[in-house]
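*Asks:* Got a structure here, written out as structure tokens. Questions coming.
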Amino acid sequence: MIITEETQLRILCEEVKTIKEGEEIGAQLLKELSESKNGIGLAANQIGINKRVCVVNVKEPLVLINPRIVEHSEEQFMFSEGCLSFPKKYVRTGRHTSVTVEADNHEGKLMFTADSENINDAFECACVQHEIDHLDGITMFERSVTPQPIRVPKKIGRNERVTITDGKETKELKWKKAQPLVESGDWEMAPA
Ligand SMILES: [Zn+2]
């Protein structure tokens, strides 16, 4: 069961004492994640275990036990995020373009960067930051940034379907319906 009560998600998680304990929680998290429709990451407090373990599954399943971000870039990138604890909500966030992570179950340092040709690197980099935030009782809403207006390409057909977001909700509709909303400035084009 994935926790959706925000008060529960505010709890600061405690370190696990042993790798074994962390691996058991990691296995539960990966199972729960695989049962979700489109989740790419999950933190232990999202399933009611207030311990510092999270998983990310973008390029490969990755369990992080007592993870900490030891270095990060000053530079940030904008990302449209969702969260299994807040179904159907999306937030435009600012995330560090690269982070270096240490975790008890990984020797050395793990590097994540969005500065890559592969879009999955950006997903993984944002996801790692999102999940470690959960362990500190921080949700994606606290990372939201005011979106810059996106210049809409001229050649959208009136009946072409587009996806737009106001930062909370996304809808898919025909451009002729979406255009006035986007031009009002309250809605913007979202990645489909
Ligand atoms: Zn989340």
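The chains in the structure tokens are called A, B, ... from first to last as shown; in each chain the residues are counted from 1, and the ligands are counted from 1 in the order shown.
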Would you kindly return, as a ChimeraX atom specification, each protein, DNA or RNA residue with an atom no farther than 10 Å from any atom of Lys88 in chain A, considering only C-alpha atoms and excluding same-chain residues fewer than 6 positions away?
*Replies:* /A:82,168-170
*Asks:* Keeping only C-alpha atoms, write the selected residues to a file as a CSV table (one decimal), in the first residue's frame.
*Replies:*
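Output (selection-v9.csv):
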chain,number,residue,atom,x,y,z
A,82,GLY,CA,5.0,13.0,-10.5
A,168,LYS,CA,-1.1,20.5,-10.6
A,169,GLU,CA,-3.3,19.0,-13.2
A,170,THR,CA,-2.6,17.9,-16.8
*Asks:* At a cut-off of 7 Å and counting only C-alpha atoms and all ligand atoms, what residues surround ligand 1? Please answer as a list in words.
*Replies:*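 Here is the list of contacting residues: Leu42, Gly82, Cys83, Leu84, Ser85, His130, Glu131, His134, Thr139 and Met140 of chain A.
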*Asks:* For the residues in that selection, give me N, CA, C and O atoms as a PDB file, in the first residue's frame.
*Replies:*
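Now in part-v5.pdb:
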ATOM      1  N   LEU A  42      10.678   4.822  -5.453  1.00  0.00           N
ATOM      2  CA  LEU A  42       9.848   4.722  -4.256  1.00  0.00           C
ATOM      3  C   LEU A  42      10.758   4.799  -3.025  1.00  0.00           C
ATOM      4  O   LEU A  42      11.863   4.266  -3.036  1.00  0.00           O
ATOM      5  N   GLY A  82       6.152  13.587 -11.180  1.00  0.00           N
ATOM      6  CA  GLY A  82       4.984  13.026 -10.526  1.00  0.00           C
ATOM      7  C   GLY A  82       5.453  12.209  -9.335  1.00  0.00           C
ATOM      8  O   GLY A  82       6.660  12.082  -9.112  1.00  0.00           O
ATOM      9  N   CYS A  83       4.501  11.676  -8.568  1.00  0.00           N
ATOM     10  CA  CYS A  83       4.866  10.928  -7.362  1.00  0.00           C
ATOM     11  C   CYS A  83       3.758   9.914  -7.094  1.00  0.00           C
ATOM     12  O   CYS A  83       2.576  10.255  -7.186  1.00  0.00           O
ATOM     13  N   LEU A  84       4.134   8.686  -6.761  1.00  0.00           N
ATOM     14  CA  LEU A  84       3.119   7.659  -6.511  1.00  0.00           C
ATOM     15  C   LEU A  84       2.234   8.022  -5.319  1.00  0.00           C
ATOM     16  O   LEU A  84       1.111   7.552  -5.221  1.00  0.00           O
ATOM     17  N   SER A  85       2.716   8.871  -4.427  1.00  0.00           N
ATOM     18  CA  SER A  85       1.893   9.285  -3.285  1.00  0.00           C
ATOM     19  C   SER A  85       0.919  10.406  -3.633  1.00  0.00           C
ATOM     20  O   SER A  85       0.055  10.740  -2.826  1.00  0.00           O
ATOM     21  N   HIS A 130      14.523  13.099  -5.913  1.00  0.00           N
ATOM     22  CA  HIS A 130      13.146  13.027  -5.423  1.00  0.00           C
ATOM     23  C   HIS A 130      13.034  12.008  -4.279  1.00  0.00           C
ATOM     24  O   HIS A 130      12.427  12.284  -3.242  1.00  0.00           O
ATOM     25  N   GLU A 131      13.643  10.828  -4.477  1.00  0.00           N
ATOM     26  CA  GLU A 131      13.510   9.768  -3.459  1.00  0.00           C
ATOM     27  C   GLU A 131      14.296  10.105  -2.195  1.00  0.00           C
ATOM     28  O   GLU A 131      13.814   9.859  -1.087  1.00  0.00           O
ATOM     29  N   HIS A 134      12.327  12.369  -0.124  1.00  0.00           N
ATOM     30  CA  HIS A 134      11.274  11.689   0.657  1.00  0.00           C
ATOM     31  C   HIS A 134      11.806  11.263   2.024  1.00  0.00           C
ATOM     32  O   HIS A 134      11.117  11.389   3.033  1.00  0.00           O
ATOM     33  N   THR A 139       8.655  16.711  -0.025  1.00  0.00           N
ATOM     34  CA  THR A 139       7.958  16.248  -1.229  1.00  0.00           C
ATOM     35  C   THR A 139       8.296  17.162  -2.406  1.00  0.00           C
ATOM     36  O   THR A 139       8.857  18.242  -2.236  1.00  0.00           O
ATOM     37  N   MET A 140       7.904  16.710  -3.586  1.00  0.00           N
ATOM     38  CA  MET A 140       8.238  17.430  -4.820  1.00  0.00           C
ATOM     39  C   MET A 140       7.677  18.850  -4.836  1.00  0.00           C
ATOM     40  O   MET A 140       8.209  19.720  -5.516  1.00  0.00           O
TER      41      MET A 140
END
*Asks:* So, counting only C-alpha atoms, which residue among A:Val58, A:Gln8, A:Leu33, A:Ile65 is closest to Glu21 in chain A?
*Replies:*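 Nearest to Glu21 in chain A: A:Ile65.
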*Asks:* Set the distance at 12 Å and use only C-alpha atoms: which residues neighbour Gly48 in chain A once local chain neighbours fewer than 3 positions away are removed? I'd like the list as JSON, numbers by chain.
*Replies:* {"A": [1, 2, 3, 4, 5, 6, 7, 8, 9, 10, 11, 12, 13, 25, 28, 29, 42, 43, 44, 45, 51, 52, 53, 85, 134, 135]}
*Asks:* Give me a file of those residues, with N, CA and C atoms, as a PDB file, in the first residue's frame.
*Replies:*
ATOM      1  N   MET A   1       0.841  -1.208   0.000  1.00  0.00           N
ATOM      2  CA  MET A   1       0.000   0.000   0.000  1.00  0.00           C
ATOM      3  C   MET A   1       0.874   1.255   0.000  1.00  0.00           C
ATOM      4  N   ILE A   2       0.573   2.120  -0.895  1.00  0.00           N
ATOM      5  CA  ILE A   2       1.349   3.356  -0.952  1.00  0.00           C
ATOM      6  C   ILE A   2       0.639   4.451  -0.176  1.00  0.00           C
ATOM      7  N   ILE A   3       1.400   5.070   0.716  1.00  0.00           N
ATOM      8  CA  ILE A   3       0.852   6.094   1.612  1.00  0.00           C
ATOM      9  C   ILE A   3       0.630   7.391   0.841  1.00  0.00           C
ATOM     10  N   THR A   4      -0.529   7.960   1.041  1.00  0.00           N
ATOM     11  CA  THR A   4      -0.814   9.219   0.357  1.00  0.00           C
ATOM     12  C   THR A   4      -1.057  10.362   1.346  1.00  0.00           C
ATOM     13  N   GLU A   5      -1.090  10.051   2.652  1.00  0.00           N
ATOM     14  CA  GLU A   5      -1.318  11.144   3.614  1.00  0.00           C
ATOM     15  C   GLU A   5      -0.038  11.962   3.753  1.00  0.00           C
ATOM     16  N   GLU A   6      -0.189  13.249   3.537  1.00  0.00           N
ATOM     17  CA  GLU A   6       0.994  14.104   3.534  1.00  0.00           C
ATOM     18  C   GLU A   6       1.690  14.150   4.898  1.00  0.00           C
ATOM     19  N   THR A   7       0.904  14.068   5.995  1.00  0.00           N
ATOM     20  CA  THR A   7       1.534  14.122   7.328  1.00  0.00           C
ATOM     21  C   THR A   7       2.501  12.947   7.527  1.00  0.00           C
ATOM     22  N   GLN A   8       2.136  11.781   6.992  1.00  0.00           N
ATOM     23  CA  GLN A   8       3.010  10.605   7.087  1.00  0.00           C
ATOM     24  C   GLN A   8       4.290  10.808   6.288  1.00  0.00           C
ATOM     25  N   LEU A   9       4.147  11.524   5.190  1.00  0.00           N
ATOM     26  CA  LEU A   9       5.304  11.721   4.306  1.00  0.00           C
ATOM     27  C   LEU A   9       6.261  12.784   4.832  1.00  0.00           C
ATOM     28  N   ARG A  10       5.855  13.457   5.906  1.00  0.00           N
ATOM     29  CA  ARG A  10       6.697  14.494   6.511  1.00  0.00           C
ATOM     30  C   ARG A  10       7.695  13.912   7.505  1.00  0.00           C
ATOM     31  N   ILE A  11       7.522  12.637   7.847  1.00  0.00           N
ATOM     32  CA  ILE A  11       8.364  12.034   8.887  1.00  0.00           C
ATOM     33  C   ILE A  11       9.801  11.861   8.380  1.00  0.00           C
ATOM     34  N   LEU A  12      10.734  12.257   9.217  1.00  0.00           N
ATOM     35  CA  LEU A  12      12.150  12.105   8.884  1.00  0.00           C
ATOM     36  C   LEU A  12      12.547  10.647   9.129  1.00  0.00           C
ATOM     37  N   CYS A  13      13.083  10.005   8.116  1.00  0.00           N
ATOM     38  CA  CYS A  13      13.412   8.577   8.245  1.00  0.00           C
ATOM     39  C   CYS A  13      14.731   8.380   8.987  1.00  0.00           C
ATOM     40  N   ILE A  25      14.084  -4.207   3.004  1.00  0.00           N
ATOM     41  CA  ILE A  25      13.173  -3.099   2.693  1.00  0.00           C
ATOM     42  C   ILE A  25      13.249  -2.781   1.197  1.00  0.00           C
ATOM     43  N   GLN A  28      11.122  -5.135  -0.803  1.00  0.00           N
ATOM     44  CA  GLN A  28       9.686  -4.782  -0.694  1.00  0.00           C
ATOM     45  C   GLN A  28       9.348  -3.590  -1.573  1.00  0.00           C
ATOM     46  N   LEU A  29      10.273  -2.626  -1.580  1.00  0.00           N
ATOM     47  CA  LEU A  29      10.037  -1.413  -2.377  1.00  0.00           C
ATOM     48  C   LEU A  29      10.009  -1.733  -3.875  1.00  0.00           C
ATOM     49  N   LEU A  42      10.678   4.822  -5.453  1.00  0.00           N
ATOM     50  CA  LEU A  42       9.848   4.722  -4.256  1.00  0.00           C
ATOM     51  C   LEU A  42      10.758   4.799  -3.025  1.00  0.00           C
ATOM     52  N   ALA A  43      10.257   5.473  -1.996  1.00  0.00           N
ATOM     53  CA  ALA A  43      11.019   5.578  -0.753  1.00  0.00           C
ATOM     54  C   ALA A  43      10.274   4.822   0.338  1.00  0.00           C
ATOM     55  N   ALA A  44      11.026   4.305   1.332  1.00  0.00           N
ATOM     56  CA  ALA A  44      10.447   3.418   2.347  1.00  0.00           C
ATOM     57  C   ALA A  44       9.278   4.067   3.085  1.00  0.00           C
ATOM     58  N   ASN A  45       9.368   5.368   3.370  1.00  0.00           N
ATOM     59  CA  ASN A  45       8.256   5.986   4.121  1.00  0.00           C
ATOM     60  C   ASN A  45       6.977   6.058   3.293  1.00  0.00           C
ATOM     61  N   LYS A  51      12.401   4.323   7.376  1.00  0.00           N
ATOM     62  CA  LYS A  51      13.840   4.018   7.341  1.00  0.00           C
ATOM     63  C   LYS A  51      14.438   4.574   6.061  1.00  0.00           C
ATOM     64  N   ARG A  52      15.751   4.841   6.130  1.00  0.00           N
ATOM     65  CA  ARG A  52      16.401   5.491   4.984  1.00  0.00           C
ATOM     66  C   ARG A  52      16.794   4.492   3.902  1.00  0.00           C
ATOM     67  N   VAL A  53      15.783   4.037   3.179  1.00  0.00           N
ATOM     68  CA  VAL A  53      16.007   3.147   2.034  1.00  0.00           C
ATOM     69  C   VAL A  53      15.080   3.618   0.915  1.00  0.00           C
ATOM     70  N   SER A  85       2.716   8.871  -4.427  1.00  0.00           N
ATOM     71  CA  SER A  85       1.893   9.285  -3.285  1.00  0.00           C
ATOM     72  C   SER A  85       0.919  10.406  -3.633  1.00  0.00           C
ATOM     73  N   HIS A 134      12.327  12.369  -0.124  1.00  0.00           N
ATOM     74  CA  HIS A 134      11.274  11.689   0.657  1.00  0.00           C
ATOM     75  C   HIS A 134      11.806  11.263   2.024  1.00  0.00           C
ATOM     76  N   LEU A 135      13.039  10.741   2.038  1.00  0.00           N
ATOM     77  CA  LEU A 135      13.601  10.235   3.302  1.00  0.00           C
ATOM     78  C   LEU A 135      13.802  11.360   4.309  1.00  0.00           C
TER      79      LEU A 135
END
*Asks:* Please extract the residues of chain A with a backbone DSSP assignment of strand (DSSP E) and present them as a PyMOL selection string.
*Replies:* chain A and resi 41-43+53-57+61-65+68-72+76-83+86-96+98-103+106-113+161-165+170-174+188-189
*Asks:* CA of Met189 in chain A and CA of Gln76 in chain A are how many Å apart?
*Replies:*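 Interatomic distance, CA of Met189 in chain A to CA of Gln76 in chain A: 20.2 Å.
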*Asks:* Pick out the residues sitting within 9 Å of Val91 in chain A, and hand them over as a PyMOL selection string; count only C-alpha atoms, and ignore anything fewer than 2 positions along from it in its own chain.
*Replies:* chain A and resi 79-82+89+93+140-141+143-145+165-169
*Asks:* Within 9 Å of range 176-186 of chain A, counting only C-alpha atoms, which residues show up once you throw out same-chain ones fewer than 3 positions away? Write them as an MDAnalysis selection string, please.
*Replies:* chainID A and resid 149 152 157:167 172:173 189
*Asks:* Go ahead and write the residues just picked, C-alpha atoms, as a PDB file, in the first residue's frame.
*Replies:*
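Final file, out09.pdb:
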ATOM      1  CA  PRO A 149       6.659  30.569 -20.510  1.00  0.00           C
ATOM      2  CA  VAL A 152       4.702  27.474 -28.574  1.00  0.00           C
ATOM      3  CA  GLY A 157      -2.917  22.031 -36.159  1.00  0.00           C
ATOM      4  CA  ARG A 158      -6.215  23.217 -34.638  1.00  0.00           C
ATOM      5  CA  ASN A 159      -7.337  19.633 -34.129  1.00  0.00           C
ATOM      6  CA  GLU A 160      -3.971  18.303 -33.051  1.00  0.00           C
ATOM      7  CA  ARG A 161      -4.069  16.912 -29.504  1.00  0.00           C
ATOM      8  CA  VAL A 162      -1.665  18.470 -27.043  1.00  0.00           C
ATOM      9  CA  THR A 163      -0.935  17.994 -23.352  1.00  0.00           C
ATOM     10  CA  ILE A 164      -0.971  21.007 -21.076  1.00  0.00           C
ATOM     11  CA  THR A 165      -0.369  21.462 -17.365  1.00  0.00           C
ATOM     12  CA  ASP A 166      -1.026  24.117 -14.752  1.00  0.00           C
ATOM     13  CA  GLY A 167       1.521  22.537 -12.425  1.00  0.00           C
ATOM     14  CA  GLU A 172      -4.911  16.381 -23.125  1.00  0.00           C
ATOM     15  CA  LEU A 173      -7.106  18.257 -25.555  1.00  0.00           C
ATOM     16  CA  MET A 189       2.690  22.826 -22.775  1.00  0.00           C
TER      17      MET A 189
END
*Asks:* For Gly22 in chain A, which residue out of A:Pro61, A:Gly41, A:Glu188, A:Asp104 is the nearest one, using only C-alpha atoms?
*Replies:*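 With only C-alpha atoms as the atom set, the closest residue is A:Asp104.
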*Asks:* When DSSP works through the backbone of this structure, what residues of range 31-158 of chain A end up as helix (DSSP H, G or I), shown as a ChimeraX atom specification?
*Replies:* /A:31-35,44-47,119-135,140-143
*Asks:* For those residues, write N, CA, C and O atoms to a file as a short mmCIF file (atom, residue, chain, number, x, y, z; two decimals), in the first residue's frame.
*Replies:*
data_model
loop_
_atom_site.label_atom_id
_atom_site.label_comp_id
_atom_site.auth_asym_id
_atom_site.auth_seq_id
_atom_site.Cartn_x
_atom_site.Cartn_y
_atom_site.Cartn_z
N LYS A 31 9.21 -4.54 -5.23
CA LYS A 31 7.99 -5.28 -5.51
C LYS A 31 6.82 -4.31 -5.65
O LYS A 31 6.06 -4.36 -6.62
N GLU A 32 6.71 -3.42 -4.69
CA GLU A 32 5.63 -2.43 -4.72
C GLU A 32 5.72 -1.55 -5.98
O GLU A 32 4.72 -1.26 -6.63
N LEU A 33 6.94 -1.19 -6.31
CA LEU A 33 7.16 -0.34 -7.49
C LEU A 33 6.74 -1.08 -8.76
O LEU A 33 6.12 -0.49 -9.65
N SER A 34 7.06 -2.37 -8.83
CA SER A 34 6.73 -3.13 -10.05
C SER A 34 5.22 -3.28 -10.18
O SER A 34 4.70 -3.46 -11.28
N GLU A 35 4.51 -3.20 -9.07
CA GLU A 35 3.04 -3.31 -9.12
C GLU A 35 2.37 -1.98 -9.46
O GLU A 35 1.18 -1.92 -9.74
N ALA A 44 11.03 4.31 1.33
CA ALA A 44 10.45 3.42 2.35
C ALA A 44 9.28 4.07 3.08
O ALA A 44 8.28 3.40 3.39
N ASN A 45 9.37 5.37 3.37
CA ASN A 45 8.26 5.99 4.12
C ASN A 45 6.98 6.06 3.29
O ASN A 45 5.91 6.25 3.84
N GLN A 46 7.09 5.88 1.98
CA GLN A 46 5.87 5.84 1.16
C GLN A 46 5.11 4.53 1.34
O GLN A 46 3.97 4.42 0.90
N ILE A 47 5.76 3.52 1.94
CA ILE A 47 5.01 2.29 2.25
C ILE A 47 4.96 2.09 3.77
O ILE A 47 4.76 0.99 4.26
N ILE A 119 17.82 10.75 -22.42
CA ILE A 119 16.79 11.33 -21.56
C ILE A 119 16.62 10.53 -20.26
O ILE A 119 16.30 11.06 -19.22
N ASN A 120 16.92 9.24 -20.32
CA ASN A 120 16.81 8.41 -19.11
C ASN A 120 17.78 8.84 -18.02
O ASN A 120 17.52 8.64 -16.84
N ASP A 121 18.90 9.45 -18.43
CA ASP A 121 19.83 9.96 -17.42
C ASP A 121 19.20 11.09 -16.63
O ASP A 121 19.40 11.21 -15.42
N ALA A 122 18.42 11.94 -17.30
CA ALA A 122 17.74 13.04 -16.62
C ALA A 122 16.66 12.49 -15.68
O ALA A 122 16.51 12.94 -14.54
N PHE A 123 15.91 11.48 -16.16
CA PHE A 123 14.89 10.86 -15.31
C PHE A 123 15.52 10.27 -14.06
O PHE A 123 15.04 10.45 -12.94
N GLU A 124 16.62 9.56 -14.26
CA GLU A 124 17.27 8.90 -13.12
C GLU A 124 17.83 9.93 -12.14
O GLU A 124 17.67 9.79 -10.92
N CYS A 125 18.43 10.98 -12.68
CA CYS A 125 19.03 12.02 -11.84
C CYS A 125 17.96 12.73 -11.01
O CYS A 125 18.13 12.95 -9.80
N ALA A 126 16.84 13.07 -11.63
CA ALA A 126 15.75 13.74 -10.90
C ALA A 126 15.13 12.78 -9.89
O ALA A 126 14.81 13.15 -8.76
N CYS A 127 14.98 11.53 -10.30
CA CYS A 127 14.33 10.53 -9.45
C CYS A 127 15.14 10.27 -8.17
O CYS A 127 14.58 10.20 -7.08
N VAL A 128 16.45 10.16 -8.32
CA VAL A 128 17.30 9.94 -7.14
C VAL A 128 17.12 11.08 -6.14
O VAL A 128 16.96 10.87 -4.93
N GLN A 129 17.07 12.31 -6.65
CA GLN A 129 16.91 13.47 -5.77
C GLN A 129 15.52 13.48 -5.13
O GLN A 129 15.36 13.80 -3.95
N HIS A 130 14.52 13.10 -5.91
CA HIS A 130 13.15 13.03 -5.42
C HIS A 130 13.03 12.01 -4.28
O HIS A 130 12.43 12.28 -3.24
N GLU A 131 13.64 10.83 -4.48
CA GLU A 131 13.51 9.77 -3.46
C GLU A 131 14.30 10.11 -2.20
O GLU A 131 13.81 9.86 -1.09
N ILE A 132 15.48 10.66 -2.34
CA ILE A 132 16.26 11.01 -1.15
C ILE A 132 15.53 12.13 -0.39
O ILE A 132 15.49 12.13 0.84
N ASP A 133 14.90 13.05 -1.11
CA ASP A 133 14.06 14.06 -0.45
C ASP A 133 12.98 13.41 0.41
O ASP A 133 12.73 13.84 1.54
N HIS A 134 12.33 12.37 -0.12
CA HIS A 134 11.27 11.69 0.66
C HIS A 134 11.81 11.26 2.02
O HIS A 134 11.12 11.39 3.03
N LEU A 135 13.04 10.74 2.04
CA LEU A 135 13.60 10.23 3.30
C LEU A 135 13.80 11.36 4.31
O LEU A 135 13.86 11.13 5.51
N MET A 140 7.90 16.71 -3.59
CA MET A 140 8.24 17.43 -4.82
C MET A 140 7.68 18.85 -4.84
O MET A 140 8.21 19.72 -5.52
N PHE A 141 6.60 19.07 -4.06
CA PHE A 141 5.98 20.40 -4.09
C PHE A 141 6.94 21.47 -3.56
O PHE A 141 6.88 22.62 -3.94
N GLU A 142 7.83 21.04 -2.65
CA GLU A 142 8.79 22.01 -2.10
C GLU A 142 9.91 22.33 -3.09
O GLU A 142 10.71 23.22 -2.85
N ARG A 143 10.00 21.57 -4.15
CA ARG A 143 11.04 21.82 -5.17
C ARG A 143 10.45 22.50 -6.39
O ARG A 143 11.11 22.58 -7.43
#
*Asks:* Please report the interatomic distance between CA of Ala190 in chain A and CA of Met78 in chain A in Å with one decimal.
*Replies:* 11.9 Å
*Asks:* So how far away is CA of Ser73 in chain A from CA of Thr113 in chain A, in Å?
*Replies:* 9.3 Å
